[in-house]
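Asks: See my_file.pdb below, with PDB, C-alpha atoms.
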```
ATOM      1  CA  MET P   1      86.963  79.908 150.551
ATOM      2  CA  VAL P   2      89.822  82.370 150.808
ATOM      3  CA  ARG P   3      88.510  85.921 150.995
ATOM      4  CA  THR P   4      90.666  87.555 148.358
ATOM      5  CA  PRO P   5      89.754  91.052 147.075
ATOM      6  CA  ALA P   6      88.301  89.455 143.903
ATOM      7  CA  TRP P   7      86.236  87.074 146.036
ATOM      8  CA  LYS P   8      84.831  89.967 148.086
ATOM      9  CA  ARG P   9      83.820  91.815 144.898
ATOM     10  CA  TYR P  10      82.204  88.601 143.575
ATOM     11  CA  ASN P  11      80.295  88.181 146.847
ATOM     12  CA  TRP P  12      78.936  91.728 146.697
ATOM     13  CA  ARG P  13      77.859  91.245 143.079
ATOM     14  CA  VAL P  14      76.059  87.999 143.996
ATOM     15  CA  ILE P  15      74.312  89.678 146.945
ATOM     16  CA  TRP P  16      73.074  92.562 144.771
ATOM     17  CA  LEU P  17      71.989  90.223 141.977
ATOM     18  CA  SER P  18      70.154  88.001 144.485
ATOM     19  CA  LEU P  19      68.278  91.038 145.819
ATOM     20  CA  LEU P  20      67.438  92.030 142.246
ATOM     21  CA  TYR P  21      66.196  88.472 141.607
ATOM     22  CA  VAL P  22      63.780  88.714 144.545
ATOM     23  CA  ALA P  23      62.719  92.216 143.431
ATOM     24  CA  PHE P  24      61.859  90.866 139.963
ATOM     25  CA  LEU P  25      60.418  87.498 140.997
ATOM     26  CA  LEU P  26      57.883  88.548 143.625
ATOM     27  CA  PRO P  27      56.032  91.139 141.475
ATOM     28  CA  ALA P  28      56.124  88.728 138.501
ATOM     29  CA  VAL P  29      54.550  85.904 140.522
ATOM     30  CA  TYR P  30      51.963  88.281 142.004
ATOM     31  CA  GLY P  31      51.214  89.851 138.623
ATOM     32  CA  PHE P  32      50.698  86.546 136.802
ATOM     33  CA  LYS P  33      48.704  85.053 139.706
ATOM     34  CA  HIS P  34      46.273  87.974 139.729
ATOM     35  CA  GLN P  35      46.300  88.401 135.929
ATOM     36  CA  LEU P  36      47.701  91.918 136.161
ATOM     37  CA  VAL P  37      50.324  91.431 133.447
ATOM     38  CA  PRO P  38      49.172  92.569 129.993
ATOM     39  CA  HIS P  39      49.757  90.054 127.213
ATOM     40  CA  SER P  40      52.118  92.440 125.434
ATOM     41  CA  ALA P  41      54.445  92.522 128.486
ATOM     42  CA  ALA P  42      54.097  88.869 129.514
ATOM     43  CA  TYR P  43      57.356  87.622 127.962
ATOM     44  CA  PHE P  44      59.298  90.589 129.327
ATOM     45  CA  VAL P  45      57.967  90.185 132.895
ATOM     46  CA  ALA P  46      58.463  86.406 132.799
ATOM     47  CA  ILE P  47      62.084  86.662 131.687
ATOM     48  CA  LEU P  48      63.030  89.410 134.182
ATOM     49  CA  PRO P  49      63.769  87.051 137.154
ATOM     50  CA  ALA P  50      66.073  85.008 134.897
ATOM     51  CA  LEU P  51      68.325  87.986 134.156
ATOM     52  CA  PRO P  52      69.907  88.339 137.644
ATOM     53  CA  ILE P  53      70.590  84.573 137.679
ATOM     54  CA  ILE P  54      72.320  84.886 134.313
ATOM     55  CA  GLY P  55      74.139  87.842 135.869
ATOM     56  CA  ILE P  56      75.460  85.570 138.627
ATOM     57  CA  PHE P  57      77.027  83.322 135.977
ATOM     58  CA  GLY P  58      78.573  86.453 134.480
ATOM     59  CA  ALA P  59      79.837  87.521 137.936
ATOM     60  CA  LEU P  60      81.422  84.082 138.343
ATOM     61  CA  GLY P  61      83.180  84.434 134.996
ATOM     62  CA  ARG P  62      84.368  87.909 135.959
ATOM     63  CA  TYR P  63      85.646  86.537 139.283
ATOM     64  CA  LEU P  64      87.708  83.904 137.466
ATOM     65  CA  VAL P  65      89.239  86.655 135.318
ATOM     66  CA  GLU P  66      89.882  89.017 138.262
ATOM     67  CA  GLU P  67      91.222  86.431 140.739
ATOM     68  CA  GLN P  68      94.983  87.002 141.089
ATOM     69  CA  ASP P  69      95.661  83.958 143.280
ATOM     70  CA  GLU P  70      96.063  81.144 140.754
ATOM     71  CA  TYR P  71      95.560  78.370 143.310
ATOM     72  CA  VAL P  72      92.316  79.877 144.640
ATOM     73  CA  ARG P  73      91.163  80.337 141.025
ATOM     74  CA  MET P  74      91.885  76.661 140.341
ATOM     75  CA  LEU P  75      89.755  75.690 143.352
ATOM     76  CA  MET P  76      86.804  77.624 141.922
ATOM     77  CA  VAL P  77      87.327  76.089 138.473
ATOM     78  CA  ARG P  78      87.191  72.636 140.095
ATOM     79  CA  GLN P  79      83.931  73.618 141.825
ATOM     80  CA  VAL P  80      82.462  74.821 138.514
ATOM     81  CA  LEU P  81      83.450  71.526 136.860
ATOM     82  CA  TRP P  82      81.758  69.552 139.631
ATOM     83  CA  ALA P  83      78.636  71.718 139.356
ATOM     84  CA  SER P  84      78.482  71.416 135.558
ATOM     85  CA  GLY P  85      79.205  67.679 135.563
ATOM     86  CA  LEU P  86      76.533  66.997 138.180
ATOM     87  CA  THR P  87      73.927  69.152 136.424
ATOM     88  CA  LEU P  88      74.534  67.728 132.956
ATOM     89  CA  SER P  89      74.549  64.153 134.300
ATOM     90  CA  ILE P  90      71.238  64.609 136.119
ATOM     91  CA  ALA P  91      69.696  66.418 133.135
ATOM     92  CA  THR P  92      70.787  63.602 130.793
ATOM     93  CA  ALA P  93      69.536  60.814 133.054
ATOM     94  CA  TRP P  94      66.266  62.644 133.784
ATOM     95  CA  GLY P  95      65.759  63.334 130.083
ATOM     96  CA  PHE P  96      65.872  59.613 129.227
ATOM     97  CA  LEU P  97      63.681  58.634 132.196
ATOM     98  CA  ASP P  98      61.214  61.323 131.154
ATOM     99  CA  ASN P  99      61.348  60.201 127.526
ATOM    100  CA  PHE P 100      60.405  56.643 128.474
ATOM    101  CA  GLY P 101      57.586  57.912 130.697
ATOM    102  CA  LEU P 102      59.149  56.734 133.953
ATOM    103  CA  VAL P 103      59.302  60.122 135.700
ATOM    104  CA  GLY P 104      57.300  63.316 135.489
ATOM    105  CA  HIS P 105      58.370  66.352 133.492
ATOM    106  CA  ALA P 106      60.520  68.718 135.565
ATOM    107  CA  ASP P 107      60.750  72.484 135.205
ATOM    108  CA  GLY P 108      63.992  73.625 133.608
ATOM    109  CA  TYR P 109      64.900  76.061 136.373
ATOM    110  CA  TRP P 110      65.603  73.142 138.715
ATOM    111  CA  LEU P 111      68.840  72.728 136.790
ATOM    112  CA  ILE P 112      70.033  76.035 138.228
ATOM    113  CA  ALA P 113      69.320  74.848 141.779
ATOM    114  CA  ILE P 114      71.208  71.608 141.058
ATOM    115  CA  TRP P 115      74.112  73.571 139.553
ATOM    116  CA  PHE P 116      74.465  75.727 142.667
ATOM    117  CA  ALA P 117      74.233  72.603 144.855
ATOM    118  CA  GLY P 118      77.006  71.146 142.678
ATOM    119  CA  LEU P 119      79.100  74.254 143.368
ATOM    120  CA  GLY P 120      78.753  73.517 147.092
ATOM    121  CA  LEU P 121      79.570  69.845 146.505
ATOM    122  CA  GLY P 122      82.714  70.907 144.636
ATOM    123  CA  GLY P 123      83.744  72.963 147.669
ATOM    124  CA  ILE P 124      83.341  69.907 149.898
ATOM    125  CA  VAL P 125      85.364  67.759 147.463
ATOM    126  CA  ASN P 126      88.113  70.411 147.478
ATOM    127  CA  LYS P 127      88.196  70.323 151.253
ATOM    128  CA  LEU P 128      88.233  66.524 151.410
ATOM    129  CA  THR P 129      90.903  66.032 148.746
ATOM    130  CA  LEU P 130      93.154  69.019 149.467
ATOM    131  CA  GLY P 131      92.664  69.418 153.227
ATOM    132  CA  ASP P 132      93.630  72.837 154.579
ATOM    133  CA  GLY P 133      94.703  73.883 151.090
ATOM    134  CA  GLY P 134      91.162  73.133 149.865
ATOM    135  CA  CYS P 135      90.050  76.216 151.869
TER     136      CYS P 135
ATOM    137  CA  MET O   1     106.058  67.948 142.333
ATOM    138  CA  GLU O   2     108.447  67.674 145.264
ATOM    139  CA  ASN O   3     110.073  70.881 146.429
ATOM    140  CA  ARG O   4     112.245  72.385 149.161
ATOM    141  CA  LEU O   5     109.944  75.275 149.927
ATOM    142  CA  ARG O   6     109.250  74.245 153.519
ATOM    143  CA  VAL O   7     112.985  73.875 154.270
ATOM    144  CA  LEU O   8     113.873  77.178 152.622
ATOM    145  CA  ARG O   9     111.081  78.917 154.503
ATOM    146  CA  ALA O  10     112.155  77.367 157.819
ATOM    147  CA  GLU O  11     115.763  78.493 157.245
ATOM    148  CA  ARG O  12     114.499  82.055 157.158
ATOM    149  CA  SER O  13     112.090  81.552 160.077
ATOM    150  CA  TRP O  14     109.161  82.568 157.905
ATOM    151  CA  SER O  15     105.660  81.314 158.584
ATOM    152  CA  GLN O  16     103.456  80.207 155.697
ATOM    153  CA  GLN O  17     101.612  83.506 156.113
ATOM    154  CA  ASP O  18     104.891  85.467 155.866
ATOM    155  CA  LEU O  19     105.808  83.703 152.635
ATOM    156  CA  ALA O  20     102.277  84.126 151.281
ATOM    157  CA  GLU O  21     102.433  87.880 151.875
ATOM    158  CA  LYS O  22     105.838  88.164 150.164
ATOM    159  CA  LEU O  23     104.502  86.245 147.147
ATOM    160  CA  GLU O  24     101.115  88.052 147.229
ATOM    161  CA  VAL O  25      99.181  84.781 147.337
ATOM    162  CA  SER O  26      97.023  83.133 150.002
ATOM    163  CA  ARG O  27      98.471  81.049 152.847
ATOM    164  CA  GLN O  28      96.485  78.128 151.454
ATOM    165  CA  SER O  29      98.398  78.451 148.178
ATOM    166  CA  VAL O  30     101.732  78.207 149.995
ATOM    167  CA  ASN O  31     100.469  75.202 151.948
ATOM    168  CA  ALA O  32      99.265  73.449 148.782
ATOM    169  CA  ILE O  33     102.598  74.043 147.016
ATOM    170  CA  GLU O  34     104.663  72.920 150.018
ATOM    171  CA  THR O  35     102.717  69.693 150.389
ATOM    172  CA  GLY O  36     102.998  68.949 146.656
ATOM    173  CA  LYS O  37      99.236  69.143 146.125
ATOM    174  CA  TYR O  38      99.586  72.004 143.663
ATOM    175  CA  ASP O  39     102.302  72.771 141.135
ATOM    176  CA  PRO O  40     102.664  76.530 140.654
ATOM    177  CA  SER O  41     102.571  78.132 137.229
ATOM    178  CA  LEU O  42     105.885  79.124 135.656
ATOM    179  CA  PRO O  43     105.428  82.846 136.564
ATOM    180  CA  LEU O  44     104.763  81.979 140.232
ATOM    181  CA  ALA O  45     107.652  79.508 140.278
ATOM    182  CA  PHE O  46     109.938  82.288 139.002
ATOM    183  CA  ARG O  47     108.635  84.648 141.702
ATOM    184  CA  ILE O  48     109.446  82.011 144.336
ATOM    185  CA  ALA O  49     112.919  81.472 142.839
ATOM    186  CA  GLU O  50     113.616  85.232 142.794
ATOM    187  CA  LEU O  51     112.444  85.586 146.390
ATOM    188  CA  PHE O  52     114.872  82.884 147.585
ATOM    189  CA  ASP O  53     117.523  83.998 145.087
ATOM    190  CA  LEU O  54     117.923  80.443 143.808
ATOM    191  CA  PRO O  55     117.486  78.730 140.428
ATOM    192  CA  ILE O  56     114.066  77.081 140.045
ATOM    193  CA  GLU O  57     115.579  73.594 139.878
ATOM    194  CA  GLN O  58     117.108  74.074 143.335
ATOM    195  CA  ILE O  59     113.632  74.637 144.773
ATOM    196  CA  PHE O  60     111.466  72.331 142.663
ATOM    197  CA  LEU O  61     112.857  68.850 142.103
ATOM    198  CA  PRO O  62     112.289  67.578 138.562
ATOM    199  CA  PRO O  63     110.502  64.173 138.584
ATOM    200  CA  SER O  64     113.163  62.797 136.212
ATOM    201  CA  ARG O  65     115.883  63.514 138.790
ATOM    202  CA  LEU O  66     113.858  61.799 141.520
ATOM    203  CA  ARG O  67     113.519  58.704 139.286
ATOM    204  CA  SER O  68     117.251  58.523 138.576
ATOM    205  CA  LYS O  69     117.971  58.816 142.320
ATOM    206  CA  ALA O  70     115.624  55.901 142.984
ATOM    207  CA  ILE O  71     117.515  53.793 140.433
TER     208      ILE O  71
END
```
Now, as a test, write the supplied structure out as C-alpha cells.
Replies:
Amino acid sequence: MVRTPAWKRYNWRVIWLSLLYVAFLLPAVYGFKHQLVPHSAAYFVAILPALPIIGIFGALGRYLVEEQDEYVRMLMVRQVLWASGLTLSIATAWGFLDNFGLVGHADGYWLIAIWFAGLGLGGIVNKLTLGDGGC
Amino acid sequence: MENRLRVLRAERSWSQQDLAEKLEVSRQSVNAIETGKYDPSLPLAFRIAELFDLPIEQIFLPPSRLRSKAI
C-alpha cells in the first residue's frame, strides 16, 4: 500500500482503535467469566468491545474521503469490494448449511474476521492483477 | 486507454517519481496510467494536459480513433 498522508492517519486511527478494543475486551471477558458484571451494566459492557471495531469501519470510510490520490483510493475500494463480497458469500452459504442442519451455528463476530481477511485478499488480487501499480 | 505519457515523460527526462511529484500523486498512479491499467479522472487528465501544455486528446488516444486507424 502506498503510504500517503491519508493512509498514515488511517493507520494511526486503526492502531488506537485496536488498543481500545483490547482495553475493552479483556476486562469484559474477565468480568463476565468471574460474574463481576452487574445485570444492569451487562449490555453496556458486552457491547463496548464492538465499538472500536465499528470505529475501524468509520476510519476506513474517513480514509476513502480523505485520500487525495484517486488511484490509491480505487485500490482500497477494490479491496473493500473483495472483503464484502467474500463475507456476504460465506455468510449466505453458511446460513443455508446451518438452516438445513449440516453445519453448527457460528458466532456472528467471525464475519468481521472474514471481512478483514477479505481486505487482505483484495490487496493480493490488486497486486496480482495490477503488478507494481497494485502497490 | 492508450496514451503517450511515457513518451512525453521521456522527452523531458523525467522519472515516474518526478512526474508523480509534479502531479501530486503516487508513483504507482503514474505507472498504472502509463501502462493503461488505470484511466485517470477528468480533473487529473486536465492536470496532466496542463503540465505538458498539450490538449488532452494529444496525450490520451480516444478508442474510436484507434479503431479507425485499425480499419
Asks: Need to verify the contact set: O:Ala32, 12 Å, only C-alpha atoms, exclusion of same-chain residues closer than 4 positions in sequence. Can you return it as a compact mmCIF listing (two decimals) with C-alpha atoms, in the frame of the given file?
Replies:
```
# COMPACT_ATOMS: atom_id res chain seq x y z
CA GLU P 70 96.06 81.14 140.75
CA TYR P 71 95.56 78.37 143.31
CA VAL P 72 92.32 79.88 144.64
CA MET P 74 91.88 76.66 140.34
CA LEU P 75 89.76 75.69 143.35
CA ASN P 126 88.11 70.41 147.48
CA LYS P 127 88.20 70.32 151.25
CA THR P 129 90.90 66.03 148.75
CA LEU P 130 93.15 69.02 149.47
CA GLY P 131 92.66 69.42 153.23
CA ASP P 132 93.63 72.84 154.58
CA GLY P 133 94.70 73.88 151.09
CA GLY P 134 91.16 73.13 149.86
CA CYS P 135 90.05 76.22 151.87
CA MET O 1 106.06 67.95 142.33
CA GLU O 2 108.45 67.67 145.26
CA ASN O 3 110.07 70.88 146.43
CA LEU O 5 109.94 75.28 149.93
CA ARG O 6 109.25 74.24 153.52
CA GLN O 16 103.46 80.21 155.70
CA ALA O 20 102.28 84.13 151.28
CA VAL O 25 99.18 84.78 147.34
CA SER O 26 97.02 83.13 150.00
CA ARG O 27 98.47 81.05 152.85
CA GLN O 28 96.48 78.13 151.45
CA GLY O 36 103.00 68.95 146.66
CA LYS O 37 99.24 69.14 146.12
CA TYR O 38 99.59 72.00 143.66
CA ASP O 39 102.30 72.77 141.14
CA PRO O 40 102.66 76.53 140.65
```
Asks: Separation of atom CA of P:Val65 and atom CA of O:Leu42, in Å?
Replies: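 Rounded to one decimal, the two atoms are 18.3 Å apart.
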Asks: Between P:Ala91, P:Ala106, P:Asp69, P:Pro49, which residue has the minimum interatomic distance to chain O, considering only C-alpha atoms?
Replies: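 Closest to chain O, using only C-alpha atoms: P:Asp69.
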Asks: Which value, in Å to one decimal, gives the distance between atom CA of O:Glu34 and atom CA of P:Pro5?
Replies: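 Atom CA of O:Glu34 sits 23.7 Å away from atom CA of P:Pro5.
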Asks: List every protein, DNA or RNA residue that has an atom no more than 8 Å from (79.4, 67.6, 139.6) in the file's coordinate frame, counting all atoms listed in the file, and report them as a list in words.
Replies: Gln79, Val80, Leu81, Trp82, Ala83, Ser84, Gly85, Leu86, Thr87, Ser89, Trp115, Gly118, Leu119, Leu121 and Gly122 of chain P
Asks: Residues of the last selection are to be written out with C-alpha atoms, as a compact mmCIF listing (two decimals), keeping the file's coordinate frame.
Replies:
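Saved the output as out-v5.txt:
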```
# COMPACT_ATOMS: atom_id res chain seq x y z
CA GLN P 79 83.93 73.62 141.82
CA VAL P 80 82.46 74.82 138.51
CA LEU P 81 83.45 71.53 136.86
CA TRP P 82 81.76 69.55 139.63
CA ALA P 83 78.64 71.72 139.36
CA SER P 84 78.48 71.42 135.56
CA GLY P 85 79.20 67.68 135.56
CA LEU P 86 76.53 67.00 138.18
CA THR P 87 73.93 69.15 136.42
CA SER P 89 74.55 64.15 134.30
CA TRP P 115 74.11 73.57 139.55
CA GLY P 118 77.01 71.15 142.68
CA LEU P 119 79.10 74.25 143.37
CA LEU P 121 79.57 69.84 146.50
CA GLY P 122 82.71 70.91 144.64
```
Asks: What would the selection look like, as a list in words, if the PyMOL selection byres ((chain O and resi 57) around 12) were run on the coordinates I just shared?
Replies: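 Listing what the PyMOL selection byres ((chain O and resi 57) around 12) selects in the shown file: Met1, Glu2, Asn3, Arg4, Leu5, Leu42, Ala45, Phe46, Ile48, Ala49, Asp53, Leu54, Pro55, Ile56, Gln58, Ile59, Phe60, Leu61, Pro62, Pro63, Ser64 and Arg65 of chain O.
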Asks: Could you write those residues out with C-alpha atoms, as a tab-separated table (two decimals), in the coordinates of the input?
Replies:
```tsv
chain	number	residue	atom	x	y	z
O	1	MET	CA	106.06	67.95	142.33
O	2	GLU	CA	108.45	67.67	145.26
O	3	ASN	CA	110.07	70.88	146.43
O	4	ARG	CA	112.24	72.39	149.16
O	5	LEU	CA	109.94	75.28	149.93
O	42	LEU	CA	105.88	79.12	135.66
O	45	ALA	CA	107.65	79.51	140.28
O	46	PHE	CA	109.94	82.29	139.00
O	48	ILE	CA	109.45	82.01	144.34
O	49	ALA	CA	112.92	81.47	142.84
O	53	ASP	CA	117.52	84.00	145.09
O	54	LEU	CA	117.92	80.44	143.81
O	55	PRO	CA	117.49	78.73	140.43
O	56	ILE	CA	114.07	77.08	140.04
O	58	GLN	CA	117.11	74.07	143.34
O	59	ILE	CA	113.63	74.64	144.77
O	60	PHE	CA	111.47	72.33	142.66
O	61	LEU	CA	112.86	68.85	142.10
O	62	PRO	CA	112.29	67.58	138.56
O	63	PRO	CA	110.50	64.17	138.58
O	64	SER	CA	113.16	62.80	136.21
O	65	ARG	CA	115.88	63.51	138.79
```
Asks: Go through O:Glu21, O:Ser29, O:Leu51, O:Thr35 one by one, measure the shortest atom-to-atom distance of each to chain P using all atoms listed in the file, and give the residue with the smallest value.
Replies: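 So, comparing all the options, the nearest one is O:Ser29.
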Asks: State, in Å with one decimal place, the distance from atom CA of O:Leu23 to atom CA of O:Arg47.
Replies: 7.0 Å
Asks: Have a look at O:Glu50, O:Glu11, O:Glu24, O:Asp18 and name the one nearest to chain P; count all atoms listed in the file.
Replies: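 Closest to chain P, using all atoms listed in the file: O:Glu24.
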Asks: I need the residue nearest chain P from this list: O:Arg9, O:Pro43, O:Asn31, O:Phe52. Use only C-alpha atoms for the distance.
Replies: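 Looking at the shortest contact to chain P, the residue is O:Asn31.
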Asks: Could you check the closest approach to P:Leu64 for each of P:Ala6, P:Ile112, P:Leu17, P:Val125 and tell me which residue wins, using all atoms listed in the file?
Replies: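 Looking only at the distances to P:Leu64, the closest residue turns out to be P:Ala6.
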Asks: May I ask which of the residues P:Ala113, P:Arg62, P:Arg73, P:Gln35 is the closest one to chain O, counting only C-alpha atoms?
Replies: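 Counting only C-alpha atoms, the residue closest to chain O is P:Arg73.
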Asks: Once the PyMOL selection byres ((chain P and resi 50-52) around 9) is applied to the coordinates I shared, what remains selected? I want it as a list of chain:residue names.
Replies: P:Val14, P:Trp16, P:Leu17, P:Ser18, P:Leu19, P:Leu20, P:Tyr21, P:Phe24, P:Leu25, P:Ala46, P:Ile47, P:Leu48, P:Pro49, P:Ile53, P:Ile54, P:Gly55, P:Ile56, P:Phe57
